[in-house]
$ cat upload_1.tsv   # TSV, N, CA and C atoms
chain	number	residue	atom	x	y	z
A	1	MET	N	-12.08	10.91	27.56
A	1	MET	CA	-13.22	10.47	26.78
A	1	MET	C	-13.01	9.04	26.35
A	2	ASN	N	-14.06	8.28	26.40
A	2	ASN	CA	-13.95	6.91	25.94
A	2	ASN	C	-14.51	6.78	24.54
A	3	SER	N	-14.44	5.60	23.97
A	3	SER	CA	-14.85	5.40	22.58
A	3	SER	C	-16.36	5.57	22.40
A	4	ALA	N	-17.16	5.27	23.38
A	4	ALA	CA	-18.61	5.43	23.28
A	4	ALA	C	-18.97	6.90	23.14
A	5	THR	N	-18.31	7.73	23.90
A	5	THR	CA	-18.57	9.17	23.83
A	5	THR	C	-18.14	9.71	22.46
A	6	MET	N	-17.02	9.19	21.94
A	6	MET	CA	-16.55	9.61	20.62
A	6	MET	C	-17.54	9.19	19.53
A	7	ASP	N	-18.10	7.99	19.64
A	7	ASP	CA	-19.08	7.51	18.65
A	7	ASP	C	-20.34	8.37	18.68
A	8	ILE	N	-20.79	8.71	19.88
A	8	ILE	CA	-21.98	9.55	19.99
A	8	ILE	C	-21.71	10.94	19.43
A	9	ALA	N	-20.54	11.49	19.69
A	9	ALA	CA	-20.19	12.81	19.18
A	9	ALA	C	-20.08	12.78	17.65
A	10	ALA	N	-19.51	11.70	17.10
A	10	ALA	CA	-19.38	11.59	15.65
A	10	ALA	C	-20.76	11.45	15.00
A	11	SER	N	-21.62	10.64	15.59
A	11	SER	CA	-22.95	10.45	15.00
A	11	SER	C	-23.79	11.71	15.12
A	12	SER	N	-23.64	12.45	16.22
A	12	SER	CA	-24.40	13.68	16.35
A	12	SER	C	-23.87	14.75	15.39
A	13	ALA	N	-22.56	14.74	15.12
A	13	ALA	CA	-22.00	15.68	14.14
A	13	ALA	C	-22.51	15.36	12.74
A	14	ALA	N	-22.60	14.07	12.42
A	14	ALA	CA	-23.13	13.66	11.12
A	14	ALA	C	-24.60	14.04	11.01
A	15	ALA	N	-25.34	13.85	12.10
A	15	ALA	CA	-26.75	14.21	12.09
A	15	ALA	C	-26.92	15.71	11.92
A	16	MET	N	-26.07	16.48	12.60
A	16	MET	CA	-26.14	17.94	12.45
A	16	MET	C	-25.81	18.35	11.01
A	17	GLY	N	-24.87	17.67	10.37
A	17	GLY	CA	-24.53	17.96	8.98
A	17	GLY	C	-25.70	17.67	8.04
A	18	LEU	N	-26.38	16.53	8.27
A	18	LEU	CA	-27.55	16.20	7.45
A	18	LEU	C	-28.68	17.21	7.66
A	19	ILE	N	-28.87	17.62	8.90
A	19	ILE	CA	-29.93	18.61	9.18
A	19	ILE	C	-29.58	19.94	8.50
A	20	ALA	N	-28.32	20.34	8.55
A	20	ALA	CA	-27.91	21.58	7.90
A	20	ALA	C	-28.09	21.49	6.38
A	21	ALA	N	-27.76	20.33	5.79
A	21	ALA	CA	-27.95	20.14	4.35
A	21	ALA	C	-29.43	20.21	3.99
A	22	GLY	N	-30.29	19.63	4.84
A	22	GLY	CA	-31.73	19.69	4.60
A	22	GLY	C	-32.26	21.11	4.66
A	23	VAL	N	-31.77	21.90	5.62
A	23	VAL	CA	-32.20	23.28	5.73
A	23	VAL	C	-31.76	24.08	4.50
A	24	VAL	N	-30.55	23.83	4.02
A	24	VAL	CA	-30.07	24.52	2.81
A	24	VAL	C	-30.93	24.17	1.60
A	25	ILE	N	-31.27	22.89	1.46
A	25	ILE	CA	-32.09	22.47	0.32
A	25	ILE	C	-33.48	23.10	0.39
A	26	VAL	N	-34.08	23.12	1.58
A	26	VAL	CA	-35.40	23.73	1.73
A	26	VAL	C	-35.33	25.23	1.42
A	27	ALA	N	-34.26	25.89	1.86
A	27	ALA	CA	-34.11	27.32	1.58
A	27	ALA	C	-33.97	27.56	0.08
A	28	LEU	N	-33.22	26.70	-0.63
A	28	LEU	CA	-33.09	26.84	-2.08
A	28	LEU	C	-34.43	26.63	-2.79
A	29	LEU	N	-35.20	25.67	-2.33
A	29	LEU	CA	-36.52	25.43	-2.94
A	29	LEU	C	-37.46	26.61	-2.72
A	30	ILE	N	-37.45	27.16	-1.52
A	30	ILE	CA	-38.30	28.33	-1.25
A	30	ILE	C	-37.85	29.51	-2.10
A	31	GLY	N	-36.54	29.71	-2.24
A	31	GLY	CA	-36.02	30.79	-3.07
A	31	GLY	C	-36.40	30.61	-4.53
A	32	ALA	N	-36.34	29.37	-5.03
A	32	ALA	CA	-36.73	29.11	-6.42
A	32	ALA	C	-38.21	29.40	-6.63
A	33	PHE	N	-39.03	29.04	-5.65
A	33	PHE	CA	-40.46	29.31	-5.75
A	33	PHE	C	-40.73	30.81	-5.79
A	34	ILE	N	-40.07	31.57	-4.94
A	34	ILE	CA	-40.27	33.02	-4.91
A	34	ILE	C	-39.79	33.65	-6.20
A	35	LEU	N	-38.62	33.21	-6.70
A	35	LEU	CA	-38.11	33.74	-7.97
A	35	LEU	C	-39.06	33.43	-9.13
A	36	GLY	N	-39.60	32.20	-9.16
A	36	GLY	CA	-40.55	31.84	-10.20
A	36	GLY	C	-41.81	32.67	-10.14
A	37	ALA	N	-42.29	32.98	-8.93
A	37	ALA	CA	-43.48	33.82	-8.78
A	37	ALA	C	-43.21	35.23	-9.29
A	38	ARG	N	-42.01	35.77	-9.01
A	38	ARG	CA	-41.67	37.11	-9.51
A	38	ARG	C	-41.62	37.14	-11.02
A	39	ILE	N	-41.02	36.14	-11.61
A	39	ILE	CA	-40.93	36.07	-13.08
A	39	ILE	C	-42.32	35.95	-13.68
A	40	ARG	N	-43.18	35.14	-13.07
A	40	ARG	CA	-44.53	34.95	-13.59
A	40	ARG	C	-45.33	36.24	-13.52
A	41	ARG	N	-45.11	37.05	-12.48
A	41	ARG	CA	-45.83	38.32	-12.36
A	41	ARG	C	-45.45	39.29	-13.47
A	42	ARG	N	-44.21	39.19	-13.98
A	42	ARG	CA	-43.76	40.10	-15.04
A	42	ARG	C	-44.27	39.68	-16.42
A	43	GLU	N	-44.72	38.45	-16.58
A	43	GLU	CA	-45.21	37.97	-17.87
A	43	GLU	C	-46.56	38.61	-18.19
A	44	PRO	N	-46.88	38.73	-19.50
A	44	PRO	CA	-48.19	39.30	-19.84
A	44	PRO	C	-49.32	38.34	-19.43
A	45	ALA	N	-50.46	38.92	-19.15
A	45	ALA	CA	-51.62	38.13	-18.74
A	45	ALA	C	-52.13	37.32	-19.93
A	46	PRO	N	-52.80	36.20	-19.67
A	46	PRO	CA	-53.38	35.44	-20.78
A	46	PRO	C	-54.44	36.27	-21.50
A	47	PRO	N	-54.66	36.01	-22.79
A	47	PRO	CA	-55.63	36.82	-23.54
A	47	PRO	C	-57.05	36.64	-23.03
A	48	LEU	N	-57.80	37.72	-23.11
A	48	LEU	CA	-59.21	37.68	-22.72
A	48	LEU	C	-60.01	36.93	-23.78
A	49	PRO	N	-61.21	36.48	-23.44
A	49	PRO	CA	-62.01	35.74	-24.43
A	49	PRO	C	-62.26	36.53	-25.72
A	50	GLU	N	-62.43	37.86	-25.61
A	50	GLU	CA	-62.68	38.64	-26.84
A	50	GLU	C	-61.41	38.84	-27.65
A	51	GLU	N	-60.25	38.54	-27.09
A	51	GLU	CA	-58.98	38.65	-27.82
A	51	GLU	C	-58.58	37.34	-28.50
A	52	GLN	N	-59.36	36.29	-28.30
A	52	GLN	CA	-59.04	34.99	-28.88
A	52	GLN	C	-59.29	35.01	-30.40
A	53	PRO	N	-58.58	34.19	-31.16
A	53	PRO	CA	-58.83	34.12	-32.60
A	53	PRO	C	-60.24	33.64	-32.91
A	54	ARG	N	-60.79	34.13	-34.00
A	54	ARG	CA	-62.15	33.77	-34.39
A	54	ARG	C	-62.14	33.11	-35.76
A	55	LEU	N	-63.17	32.32	-36.03
A	55	LEU	CA	-63.32	31.70	-37.34
A	55	LEU	C	-63.65	32.76	-38.38
A	56	PRO	N	-63.19	32.59	-39.62
A	56	PRO	CA	-63.59	33.53	-40.67
A	56	PRO	C	-65.10	33.47	-40.89
A	57	ASP	N	-65.64	34.52	-41.48
A	57	ASP	CA	-67.08	34.57	-41.74
A	57	ASP	C	-67.54	33.46	-42.66
A	58	GLU	N	-66.66	33.03	-43.58
A	58	GLU	CA	-67.04	31.98	-44.53
A	58	GLU	C	-66.86	30.58	-43.96
A	59	GLY	N	-66.51	30.47	-42.70
A	59	GLY	CA	-66.40	29.17	-42.05
A	59	GLY	C	-64.95	28.70	-41.97
A	60	PRO	N	-64.77	27.49	-41.48
A	60	PRO	CA	-63.41	26.98	-41.33
A	60	PRO	C	-62.77	26.71	-42.69
A	61	VAL	N	-61.46	26.85	-42.72
A	61	VAL	CA	-60.73	26.61	-43.96
A	61	VAL	C	-60.60	25.10	-44.15
A	62	ARG	N	-60.91	24.64	-45.32
A	62	ARG	CA	-60.84	23.20	-45.62
A	62	ARG	C	-59.52	22.87	-46.30
A	63	GLU	N	-59.12	21.63	-46.16
A	63	GLU	CA	-57.90	21.16	-46.81
A	63	GLU	C	-58.17	20.89	-48.28
A	64	VAL	N	-57.25	21.31	-49.13
A	64	VAL	CA	-57.37	21.08	-50.56
A	64	VAL	C	-56.42	19.95	-50.94
A	65	LEU	N	-56.97	18.90	-51.48
A	65	LEU	CA	-56.15	17.78	-51.92
A	65	LEU	C	-56.00	17.84	-53.44
A	66	GLU	N	-54.79	18.01	-53.91
A	66	GLU	CA	-54.54	18.00	-55.33
A	66	GLU	C	-53.11	17.55	-55.57
A	67	HIS	N	-52.88	17.02	-56.76
A	67	HIS	CA	-51.54	16.59	-57.12
A	67	HIS	C	-50.83	17.75	-57.80
A	68	ARG	N	-49.62	18.05	-57.31
A	68	ARG	CA	-48.85	19.16	-57.85
A	68	ARG	C	-47.77	18.63	-58.79
A	69	GLU	N	-47.50	19.38	-59.83
A	69	GLU	CA	-46.46	19.01	-60.80
A	69	GLU	C	-45.12	19.52	-60.29
A	70	PRO	N	-44.11	18.66	-60.21
A	70	PRO	CA	-42.83	19.12	-59.67
A	70	PRO	C	-42.08	20.02	-60.66
A	71	ASP	N	-41.25	20.90	-60.11
A	71	ASP	CA	-40.38	21.72	-60.95
A	71	ASP	C	-39.17	20.89	-61.37
A	72	GLU	N	-38.72	21.12	-62.58
A	72	GLU	CA	-37.55	20.41	-63.08
A	72	GLU	C	-36.28	21.01	-62.48
A	73	VAL	N	-35.32	20.15	-62.16
A	73	VAL	CA	-34.03	20.60	-61.65
A	73	VAL	C	-33.09	20.70	-62.86
A	74	PRO	N	-32.47	21.85	-63.08
A	74	PRO	CA	-31.60	21.99	-64.25
A	74	PRO	C	-30.37	21.09	-64.13
A	75	ARG	N	-29.92	20.58	-65.28
A	75	ARG	CA	-28.71	19.75	-65.30
A	75	ARG	C	-27.50	20.66	-65.39
A	76	SER	N	-26.44	20.27	-64.71
A	76	SER	CA	-25.24	21.08	-64.69
A	76	SER	C	-24.03	20.18	-64.49
A	77	ASP	N	-22.87	20.65	-64.93
A	77	ASP	CA	-21.64	19.88	-64.75
A	77	ASP	C	-21.11	20.02	-63.32
A	78	ARG	N	-21.54	21.03	-62.62
A	78	ARG	CA	-21.07	21.25	-61.27
A	78	ARG	C	-22.26	21.20	-60.31
A	79	ARG	N	-21.93	21.16	-59.06
A	79	ARG	CA	-22.97	21.11	-58.04
A	79	ARG	C	-23.59	22.49	-57.87
A	80	LEU	N	-24.93	22.55	-57.92
A	80	LEU	CA	-25.64	23.82	-57.77
A	80	LEU	C	-26.00	24.05	-56.31
A	81	THR	N	-25.90	25.29	-55.89
A	81	THR	CA	-26.33	25.66	-54.55
A	81	THR	C	-27.80	26.04	-54.59
A	82	PRO	N	-28.49	26.05	-53.46
A	82	PRO	CA	-29.93	26.32	-53.47
A	82	PRO	C	-30.30	27.65	-54.10
A	83	HIS	N	-29.48	28.69	-53.92
A	83	HIS	CA	-29.87	29.98	-54.49
A	83	HIS	C	-29.66	30.04	-55.99
A	84	GLU	N	-28.99	29.05	-56.57
A	84	GLU	CA	-28.81	29.00	-58.02
A	84	GLU	C	-29.95	28.25	-58.72
A	85	LEU	N	-30.80	27.59	-57.97
A	85	LEU	CA	-31.92	26.87	-58.55
A	85	LEU	C	-33.03	27.86	-58.90
A	86	PRO	N	-33.70	27.66	-60.03
A	86	PRO	CA	-34.79	28.57	-60.39
A	86	PRO	C	-35.99	28.36	-59.48
A	87	ASN	N	-36.68	29.44	-59.18
A	87	ASN	CA	-37.92	29.41	-58.39
A	87	ASN	C	-37.74	28.65	-57.08
A	88	HIS	N	-36.70	28.97	-56.35
A	88	HIS	CA	-36.46	28.27	-55.09
A	88	HIS	C	-37.36	28.81	-53.99
A	89	GLY	N	-38.63	28.47	-54.09
A	89	GLY	CA	-39.58	28.84	-53.06
A	89	GLY	C	-40.34	30.12	-53.34
A	90	ASN	N	-40.03	30.82	-54.44
A	90	ASN	CA	-40.71	32.09	-54.71
A	90	ASN	C	-42.03	31.89	-55.42
A	91	SER	N	-42.09	30.93	-56.32
A	91	SER	CA	-43.33	30.75	-57.08
A	91	SER	C	-43.94	29.39	-56.74
A	92	PRO	N	-45.24	29.31	-56.76
A	92	PRO	CA	-45.87	28.03	-56.46
A	92	PRO	C	-45.71	27.04	-57.61
A	93	THR	N	-45.78	25.78	-57.29
A	93	THR	CA	-45.74	24.75	-58.33
A	93	THR	C	-47.08	24.76	-59.04
A	94	ARG	N	-47.12	24.05	-60.14
A	94	ARG	CA	-48.34	24.02	-60.95
A	94	ARG	C	-49.19	22.81	-60.58
A	95	THR	N	-50.49	22.95	-60.79
A	95	THR	CA	-51.38	21.82	-60.60
A	95	THR	C	-51.12	20.81	-61.70
A	96	GLY	N	-50.97	19.56	-61.32
A	96	GLY	CA	-50.67	18.51	-62.29
A	96	GLY	C	-51.85	18.22	-63.19
A	97	PRO	N	-51.60	17.69	-64.40
A	97	PRO	CA	-52.70	17.42	-65.32
A	97	PRO	C	-53.59	16.29	-64.85
A	98	GLU	N	-53.04	15.34	-64.11
A	98	GLU	CA	-53.82	14.20	-63.65
A	98	GLU	C	-54.13	14.37	-62.17
A	99	GLN	N	-55.41	14.49	-61.84
A	99	GLN	CA	-55.80	14.67	-60.46
A	99	GLN	C	-56.30	13.38	-59.82
A	100	GLU	N	-56.33	12.31	-60.58
A	100	GLU	CA	-56.75	11.01	-60.06
A	100	GLU	C	-55.60	10.41	-59.26
A	101	ARG	N	-55.90	9.88	-58.10
A	101	ARG	CA	-54.88	9.27	-57.26
A	101	ARG	C	-54.45	7.93	-57.84
A	102	ARG	N	-53.14	7.72	-57.91
A	102	ARG	CA	-52.65	6.44	-58.44
A	102	ARG	C	-52.93	5.33	-57.44
A	103	ARG	N	-53.33	4.18	-57.96
A	103	ARG	CA	-53.62	3.01	-57.12
A	103	ARG	C	-52.69	1.88	-57.51
A	104	TRP	N	-52.51	0.97	-56.57
A	104	TRP	CA	-51.71	-0.21	-56.87
A	104	TRP	C	-52.47	-1.10	-57.85
A	105	THR	N	-51.73	-1.67	-58.78
A	105	THR	CA	-52.37	-2.62	-59.69
A	105	THR	C	-52.40	-3.98	-59.02
A	106	GLU	N	-53.43	-4.75	-59.32
A	106	GLU	CA	-53.58	-6.08	-58.72
A	106	GLU	C	-52.42	-6.96	-59.16
A	107	GLY	N	-51.79	-7.60	-58.21
A	107	GLY	CA	-50.66	-8.47	-58.52
A	107	GLY	C	-49.34	-7.73	-58.60
A	108	GLY	N	-49.36	-6.42	-58.47
A	108	GLY	CA	-48.12	-5.65	-58.50
A	108	GLY	C	-47.41	-5.76	-57.17
A	109	SER	N	-46.23	-5.18	-57.12
A	109	SER	CA	-45.48	-5.27	-55.88
A	109	SER	C	-46.17	-4.45	-54.80
A	110	GLY	N	-46.22	-5.02	-53.62
A	110	GLY	CA	-46.86	-4.34	-52.51
A	110	GLY	C	-45.83	-3.98	-51.48
A	111	SER	N	-46.14	-4.26	-50.27
A	111	SER	CA	-45.22	-3.95	-49.18
A	111	SER	C	-43.93	-4.72	-49.33
A	112	PHE	N	-42.82	-4.05	-49.17
A	112	PHE	CA	-41.49	-4.61	-49.25
A	112	PHE	C	-41.15	-5.15	-50.64
A	113	GLY	N	-41.97	-4.87	-51.63
A	113	GLY	CA	-41.65	-5.27	-52.99
A	113	GLY	C	-41.76	-6.76	-53.25
A	114	SER	N	-42.47	-7.49	-52.40
A	114	SER	CA	-42.52	-8.95	-52.54
A	114	SER	C	-43.39	-9.36	-53.73
A	115	GLY	N	-44.48	-8.67	-53.94
A	115	GLY	CA	-45.39	-9.04	-55.02
A	115	GLY	C	-46.22	-10.25	-54.69
A	116	GLY	N	-45.99	-10.86	-53.55
A	116	GLY	CA	-46.75	-12.05	-53.16
A	116	GLY	C	-48.07	-11.69	-52.55
A	117	PRO	N	-48.88	-12.72	-52.30
A	117	PRO	CA	-50.21	-12.48	-51.75
A	117	PRO	C	-50.19	-12.03	-50.30
A	118	GLY	N	-49.09	-12.24	-49.60
A	118	GLY	CA	-49.03	-11.85	-48.20
A	118	GLY	C	-49.57	-12.93	-47.30
A	119	ILE	N	-49.73	-12.63	-46.02
A	119	ILE	CA	-50.22	-13.61	-45.05
A	119	ILE	C	-51.73	-13.65	-45.15
A	120	ARG	N	-52.24	-14.87	-45.16
A	120	ARG	CA	-53.70	-15.04	-45.25
A	120	ARG	C	-54.26	-15.48	-43.94
$ encode --input "upload_1.tsv" --output "structure tokens"
Amino acid sequence: MNSATMDIAASSAAAMGLIAAGVVIVALLIGAFILGARIRRREPAPPLPEEQPRLPDEGPVREVLEHREPDEVPRSDRRLTPHELPNHGNSPTRTGPEQERRRWTEGGSGSFGSGGPGIR
């Protein structure tokens, strides 16, 4: 055998290896597709239109905007854990006495605390 024959044999072996790798990849993709189809068949069907959620008779629920009064955190000499705090999520907070939204005062500090007029 001469070197030309060896080169052709080596290149054809490499080509056969690439073709075999391609066949393996295609087989894995087909297997993944079949497995996905089987899993999808076992899942419950989407809900029918009559099983969809409906609006309440009184209409859509509206957002309530109000200022809530915070609960006081008890003072202690040691660090308190969450379960030692009173009303840790069991009772609702109270509605605050002032329901008016606070506004910035003119000339007060604004963005970044500069207090300046900003860019004009």
$ atom_distance --input "upload_1.tsv" --atom1 "atom CA of Glu100 of chain A" --atom2 "atom CA of Pro60 of chain A"
25.5 Å
$ atom_distance --input "upload_1.tsv" --atom1 "atom N of Val73 of chain A" --atom2 "atom N of Leu85 of chain A"
9.7 Å
$ residues_around --input "upload_1.tsv" --residues "Pro97 of chain A" --least-positions-apart "5" --cutoff "10 Å" --atoms "only C-alpha atoms" --output "ChimeraX atom specification"
/A:67-69
$ select_by_dssp --input "upload_1.tsv" --residues "segment 9-52 of chain A" --states "alpha helix (DSSP H)" --output "ChimeraX atom specification"
/A:9-42
$ atom_distance --input "upload_1.tsv" --atom1 "atom C of Asp71 of chain A" --atom2 "atom C of Thr95 of chain A"
12.0 Å
